[in-house]
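Note: the block below is my_file-v2.pdb and it holds PDB, C-alpha atoms.
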ATOM      1  CA  MET A  29     -25.440 132.658 114.618
ATOM      2  CA  PHE A  30     -28.087 130.613 112.914
ATOM      3  CA  TRP A  31     -26.369 130.333 109.496
ATOM      4  CA  PHE A  32     -23.531 128.351 111.059
ATOM      5  CA  ARG A  33     -25.718 125.635 112.532
ATOM      6  CA  ARG A  34     -25.083 122.096 111.391
ATOM      7  CA  PRO A  35     -27.666 120.426 109.067
ATOM      8  CA  PRO A  36     -30.155 118.002 110.764
ATOM      9  CA  TYR A  37     -28.223 114.818 109.938
ATOM     10  CA  LEU A  38     -29.951 112.820 112.659
ATOM     11  CA  ARG A  39     -33.431 113.598 111.250
ATOM     12  CA  TRP A  40     -32.304 112.649 107.746
ATOM     13  CA  VAL A  41     -30.966 109.306 108.992
ATOM     14  CA  ALA A  42     -34.192 108.600 110.912
ATOM     15  CA  ALA A  43     -36.360 109.453 107.868
ATOM     16  CA  GLY A  44     -34.196 107.263 105.601
ATOM     17  CA  GLY A  45     -34.405 104.418 108.122
ATOM     18  CA  LEU A  46     -38.210 104.645 108.145
ATOM     19  CA  VAL A  47     -38.312 104.493 104.346
ATOM     20  CA  VAL A  48     -36.050 101.401 104.310
ATOM     21  CA  VAL A  49     -38.128  99.628 107.013
ATOM     22  CA  ALA A  50     -41.377 100.400 105.138
ATOM     23  CA  PHE A  51     -39.864  99.095 101.890
ATOM     24  CA  LEU A  52     -38.722  95.841 103.556
ATOM     25  CA  MET A  53     -42.135  95.312 105.166
ATOM     26  CA  ASP A  54     -43.784  95.774 101.764
ATOM     27  CA  LEU A  55     -41.526  93.124 100.214
ATOM     28  CA  ARG A  56     -42.439  90.381 102.658
ATOM     29  CA  ASP A  57     -45.172  87.925 101.652
ATOM     30  CA  ALA A  58     -48.685  88.951 102.613
ATOM     31  CA  ALA A  59     -50.914  86.174 103.950
ATOM     32  CA  GLY A  60     -52.782  84.671 101.024
ATOM     33  CA  GLU A  61     -55.192  81.851 100.277
ATOM     34  CA  PRO A  62     -56.212  79.999  97.114
ATOM     35  CA  TYR A  63     -59.482  81.144  95.528
ATOM     36  CA  PRO A  64     -61.368  79.696  92.523
ATOM     37  CA  PHE A  65     -61.533  81.579  89.223
ATOM     38  CA  ALA A  66     -63.130  80.488  85.944
ATOM     39  CA  ALA A  67     -60.436  78.791  83.848
ATOM     40  CA  ARG A  68     -62.581  79.141  80.708
ATOM     41  CA  ASP A  69     -65.944  80.564  79.711
ATOM     42  CA  VAL A  70     -68.690  78.743  81.640
ATOM     43  CA  THR A  71     -72.345  78.824  80.571
ATOM     44  CA  ALA A  72     -75.259  79.035  82.991
ATOM     45  CA  GLY A  73     -76.293  75.601  84.243
ATOM     46  CA  GLU A  74     -72.894  74.022  83.518
ATOM     47  CA  SER A  75     -71.293  72.089  86.356
ATOM     48  CA  LEU A  76     -67.990  73.399  87.663
ATOM     49  CA  ASP A  77     -65.616  70.492  87.200
ATOM     50  CA  ALA A  78     -61.842  70.594  87.682
ATOM     51  CA  GLY A  79     -61.290  71.826  84.116
ATOM     52  CA  ALA A  80     -63.506  74.866  84.652
ATOM     53  CA  VAL A  81     -61.790  76.056  87.843
ATOM     54  CA  GLU A  82     -58.378  77.683  88.222
ATOM     55  CA  TRP A  83     -57.025  78.405  91.714
ATOM     56  CA  ARG A  84     -55.198  81.707  92.282
ATOM     57  CA  GLN A  85     -53.709  83.337  95.381
ATOM     58  CA  ILE A  86     -55.612  86.301  96.828
ATOM     59  CA  PRO A  87     -55.188  88.139 100.158
ATOM     60  CA  ALA A  88     -56.627  86.100 103.027
ATOM     61  CA  GLY A  89     -60.173  87.053 103.978
ATOM     62  CA  LEU A  90     -60.778  89.186 100.878
ATOM     63  CA  LEU A  91     -63.576  86.987  99.460
ATOM     64  CA  ARG A  92     -65.794  84.326 101.061
ATOM     65  CA  GLN A  93     -64.968  80.808  99.843
ATOM     66  CA  PRO A  94     -67.726  79.191  97.724
ATOM     67  CA  ASP A  95     -68.830  75.578  98.140
ATOM     68  CA  LEU A  96     -67.949  73.913  94.832
ATOM     69  CA  THR A  97     -69.271  70.441  95.676
ATOM     70  CA  ALA A  98     -72.039  69.634  93.194
ATOM     71  CA  ALA A  99     -72.224  73.275  92.090
ATOM     72  CA  VAL A 100     -73.371  74.701  88.773
ATOM     73  CA  ALA A 101     -73.093  78.212  87.400
ATOM     74  CA  ALA A 102     -76.240  80.283  87.972
ATOM     75  CA  ARG A 103     -75.212  82.645  85.150
ATOM     76  CA  ASP A 104     -72.592  82.796  82.423
ATOM     77  CA  LEU A 105     -69.041  83.238  83.742
ATOM     78  CA  ALA A 106     -66.243  84.772  81.694
ATOM     79  CA  GLU A 107     -62.739  83.334  81.716
ATOM     80  CA  GLY A 108     -60.739  84.776  84.634
ATOM     81  CA  GLU A 109     -63.822  85.828  86.626
ATOM     82  CA  PRO A 110     -63.814  84.968  90.352
ATOM     83  CA  ILE A 111     -66.325  82.281  91.281
ATOM     84  CA  LEU A 112     -68.351  83.946  94.021
ATOM     85  CA  PRO A 113     -70.976  82.113  96.114
ATOM     86  CA  ALA A 114     -73.647  84.352  94.534
ATOM     87  CA  VAL A 115     -73.004  82.962  91.030
ATOM     88  CA  LEU A 116     -73.432  79.302  92.055
ATOM     89  CA  ARG A 117     -76.386  77.003  92.577
ATOM     90  CA  SER A 118     -76.274  73.513  93.968
ATOM     91  CA  VAL A 119     -77.351  70.662  91.744
ATOM     92  CA  ARG A 120     -80.807  69.456  92.598
ATOM     93  CA  GLU A 121     -81.233  65.736  92.523
ATOM     94  CA  VAL A 122     -84.366  64.216  91.069
ATOM     95  CA  PRO A 123     -86.645  63.357  94.024
ATOM     96  CA  ASP A 124     -87.658  59.729  94.555
ATOM     97  CA  GLY A 125     -90.561  58.759  92.341
ATOM     98  CA  TRP A 126     -89.971  61.668  89.951
ATOM     99  CA  TRP A 127     -88.558  61.566  86.429
ATOM    100  CA  ALA A 128     -86.321  64.028  84.588
ATOM    101  CA  VAL A 129     -87.867  65.106  81.280
ATOM    102  CA  PRO A 130     -85.844  67.006  78.641
ATOM    103  CA  LEU A 131     -87.700  70.249  77.845
ATOM    104  CA  ALA A 132     -87.007  73.547  76.122
ATOM    105  CA  ILE A 133     -86.957  75.903  79.106
ATOM    106  CA  PRO A 134     -86.216  79.626  79.365
ATOM    107  CA  GLU A 135     -82.594  80.671  79.938
ATOM    108  CA  GLN A 136     -83.352  82.350  83.284
ATOM    109  CA  ALA A 137     -84.566  79.033  84.740
ATOM    110  CA  ALA A 138     -81.496  77.911  86.693
ATOM    111  CA  PRO A 139     -81.156  74.569  88.499
ATOM    112  CA  GLY A 140     -83.460  74.513  91.502
ATOM    113  CA  SER A 141     -85.976  76.938  89.943
ATOM    114  CA  ALA A 142     -89.645  76.022  90.251
ATOM    115  CA  LEU A 143     -91.607  75.641  87.004
ATOM    116  CA  ARG A 144     -95.269  75.160  86.256
ATOM    117  CA  LEU A 145     -95.948  73.039  83.172
ATOM    118  CA  VAL A 146     -99.291  73.483  81.436
ATOM    119  CA  VAL A 147    -100.379  70.629  79.166
ATOM    120  CA  LEU A 148    -103.114  71.505  76.644
ATOM    121  CA  ASP A 149    -104.469  68.039  75.849
ATOM    122  CA  PRO A 150    -105.455  66.499  78.224
ATOM    123  CA  PRO A 151    -105.754  69.677  80.338
ATOM    124  CA  LEU A 152    -103.213  69.301  83.121
ATOM    125  CA  VAL A 153    -101.032  71.523  85.295
ATOM    126  CA  VAL A 154     -97.830  69.972  86.703
ATOM    127  CA  ASP A 155     -95.252  71.544  89.024
ATOM    128  CA  GLY A 156     -91.637  70.764  88.222
ATOM    129  CA  VAL A 157     -88.104  71.646  89.295
ATOM    130  CA  VAL A 158     -85.197  72.452  86.977
ATOM    131  CA  VAL A 159     -82.443  69.866  87.333
ATOM    132  CA  ARG A 160     -80.218  71.135  84.507
ATOM    133  CA  ALA A 161     -80.659  74.456  82.752
ATOM    134  CA  GLY A 162     -80.920  74.688  79.011
ATOM    135  CA  ALA A 163     -77.978  76.076  77.086
ATOM    136  CA  PRO A 164     -77.604  77.990  73.846
ATOM    137  CA  GLY A 165     -76.917  75.402  71.191
ATOM    138  CA  THR A 166     -75.369  75.495  67.769
ATOM    139  CA  PHE A 167     -77.010  77.374  64.894
ATOM    140  CA  GLY A 168     -79.428  79.139  67.257
ATOM    141  CA  VAL A 169     -81.187  75.949  68.332
ATOM    142  CA  PRO A 170     -81.134  75.818  72.146
ATOM    143  CA  GLU A 171     -80.253  72.606  73.946
ATOM    144  CA  ALA A 172     -82.989  71.188  76.153
ATOM    145  CA  GLY A 173     -82.774  71.397  79.914
ATOM    146  CA  LEU A 174     -83.914  68.709  82.344
ATOM    147  CA  VAL A 175     -87.025  69.213  84.469
ATOM    148  CA  ALA A 176     -88.004  66.849  87.285
ATOM    149  CA  VAL A 177     -91.731  66.035  87.324
ATOM    150  CA  PRO A 178     -93.775  63.569  89.385
ATOM    151  CA  GLY A 179     -93.642  60.058  87.942
ATOM    152  CA  GLU A 180     -97.401  59.813  87.327
ATOM    153  CA  ASP A 181     -97.280  62.924  85.083
ATOM    154  CA  ALA A 182     -93.944  62.323  83.311
ATOM    155  CA  VAL A 183     -95.381  60.466  80.301
ATOM    156  CA  VAL A 184     -98.090  63.071  79.696
ATOM    157  CA  VAL A 185     -95.584  65.954  79.994
ATOM    158  CA  ALA A 186     -93.069  64.274  77.666
ATOM    159  CA  GLY A 187     -95.772  63.525  75.084
ATOM    160  CA  ALA A 188     -97.102  67.082  75.204
ATOM    161  CA  ALA A 189     -93.563  68.452  74.754
ATOM    162  CA  VAL A 190     -93.045  66.337  71.635
ATOM    163  CA  ARG A 191     -96.407  67.431  70.177
ATOM    164  CA  GLY A 192     -95.752  71.106  70.995
ATOM    165  CA  GLU A 193     -98.719  71.255  73.378
ATOM    166  CA  LEU A 194     -96.763  72.270  76.477
ATOM    167  CA  THR A 195     -96.282  75.717  77.979
ATOM    168  CA  VAL A 196     -93.525  76.300  80.545
ATOM    169  CA  LEU A 197     -94.164  78.941  83.212
ATOM    170  CA  VAL A 198     -91.238  80.247  85.294
ATOM    171  CA  GLU A 199     -91.683  81.364  88.875
ATOM    172  CA  PRO A 200     -90.521  85.008  89.185
TER     173      PRO A 200
END
Starting from the coordinates I provided, produce the structure as structure tokens.
Amino acid sequence: MFWFRRPPYLRWVAAGGLVVVAFLMDLRDAAGEPYPFAARDVTAGESLDAGAVEWRQIPAGLLRQPDLTAAVAARDLAEGEPILPAVLRSVREVPDGWWAVPLAIPEQAAPGSALRLVVLDPPLVVDGVVVRAGAPGTFGVPEAGLVAVPGEDAVVVAGAAVRGELTVLVEP
């Protein structure tokens, strides 16, 4: 008679054992690795020093590690945002024989971007490279960025910038 059969105790014990084993496996530490996050708001062109980076544990292999040596932010980073390789640019050094001239440059010109500088008087076109991006300053007045230009043209470019006779073209 089927109504007198014993309940499936063995199946209940096996199912309970599986639940306990799964719970214990979930409690053990998963393999993790430290990953950099923005410790504070970082503006585009700002170098990522020790005060701007906070290291947190994430699962191993989840994100590719960025190279933070001589790195600057390519765009604004919010506090707590992961620092991905795509949001970094390496700092470009000023080539030998070139000079870094402070200029008002567009915000999208990140370090390493090529610029073309057009001087009105005397008529001159100079190619340059962004060394440090400009930043939004106080009271709506932007801070100047640094642009590396060949040494023979640096004085003319600086003079034209002071006189307001300089146009900065950004490579798309």
Emit as AutoDock Vina command-line options the padded axis-aligned box for all listed atoms of segment 176-181 of chain A, 6 Å per side, with centre and edge lengths in Å to one decimal.
--center_x -92.7 --center_y 63.3 --center_z 87.2 --size_x 21.4 --size_y 19.0 --size_z 16.3
field: Residues within 10 Å of segment 71-76 of chain A, all atoms listed in the file, excluding chain neighbours under 5 positions, as a ChimeraX atom specification
entry: /A:66,81,96-106,111,115-119,135-139,158-164,173
- prompt: If the PyMOL selection byres ((chain A and resi 122-129) around 8) is run on the structure shown, which residues does it catch, given as a list in words?
  reply: Arg120, Glu121, Pro130, Leu131, Val159, Leu174, Val175, Ala176, Val177, Pro178, Gly179, Ala182, Val185 and Ala186 of chain A
message: With distances taken over all atoms listed in the file, which residue among A:Ala80, A:Thr195, A:Leu148, A:Pro87 lies nearest Ala132 of chain A?
response: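 Among A:Ala80, A:Thr195, A:Leu148, A:Pro87, it is A:Thr195 that comes nearest to Ala132 of chain A.
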List every protein, DNA or RNA residue with an atom no more than 8 Å from (-95.9, 72.4, 83.3) in the file's coordinates, counting all atoms listed in the file, and format the result as a short mmCIF file (atom, residue, chain, number, x, y, z; two decimals) with C-alpha atoms, keeping the file's coordinate frame.
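Just written: selection16.cif:
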data_model
loop_
_atom_site.label_atom_id
_atom_site.label_comp_id
_atom_site.auth_asym_id
_atom_site.auth_seq_id
_atom_site.Cartn_x
_atom_site.Cartn_y
_atom_site.Cartn_z
CA LEU A 143 -91.61 75.64 87.00
CA ARG A 144 -95.27 75.16 86.26
CA LEU A 145 -95.95 73.04 83.17
CA VAL A 146 -99.29 73.48 81.44
CA VAL A 147 -100.38 70.63 79.17
CA LEU A 152 -103.21 69.30 83.12
CA VAL A 153 -101.03 71.52 85.30
CA VAL A 154 -97.83 69.97 86.70
CA ASP A 155 -95.25 71.54 89.02
CA GLY A 156 -91.64 70.76 88.22
CA VAL A 185 -95.58 65.95 79.99
CA LEU A 194 -96.76 72.27 76.48
CA THR A 195 -96.28 75.72 77.98
CA VAL A 196 -93.52 76.30 80.54
CA LEU A 197 -94.16 78.94 83.21
#
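As for atom CA of Pro151 of chain A and atom CA of Val184 of chain A, they are spaced 10.1 Å apart.
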message: Quick one: residues within 6 Å of Ala88 of chain A, only C-alpha atoms, excluding same-chain residues fewer than 5 positions away - as a ChimeraX atom specification?
response: /A:59-61
- request: Starting from the shown file, work through the PyMOL selection byres ((chain A and resi 64) around 12) and note down what comes out as JSON, numbers by chain.
  value: {"A": [61, 62, 63, 65, 66, 67, 68, 76, 77, 78, 79, 80, 81, 82, 83, 84, 85, 86, 91, 92, 93, 94, 95, 96, 107, 108, 109, 110, 111, 112, 113]}
- prompt: Using all atoms listed in the file, which of the listed residues (A:Glu199, A:Val48, A:Arg33, A:Leu90) sits closest to Gly140 of chain A?
  reply: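 Nearest to Gly140 of chain A: A:Glu199.
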message: To one decimal place in Å, what is the distance between atom CA of Ile133 of chain A and atom CA of Asp181 of chain A?
response: 17.6 Å
- prompt: Mind pulling up the distance from atom CA of Ala142 of chain A to atom CA of Pro200 of chain A?
  reply: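 Interatomic distance, atom CA of Pro200 of chain A to atom CA of Ala142 of chain A: 9.1 Å.
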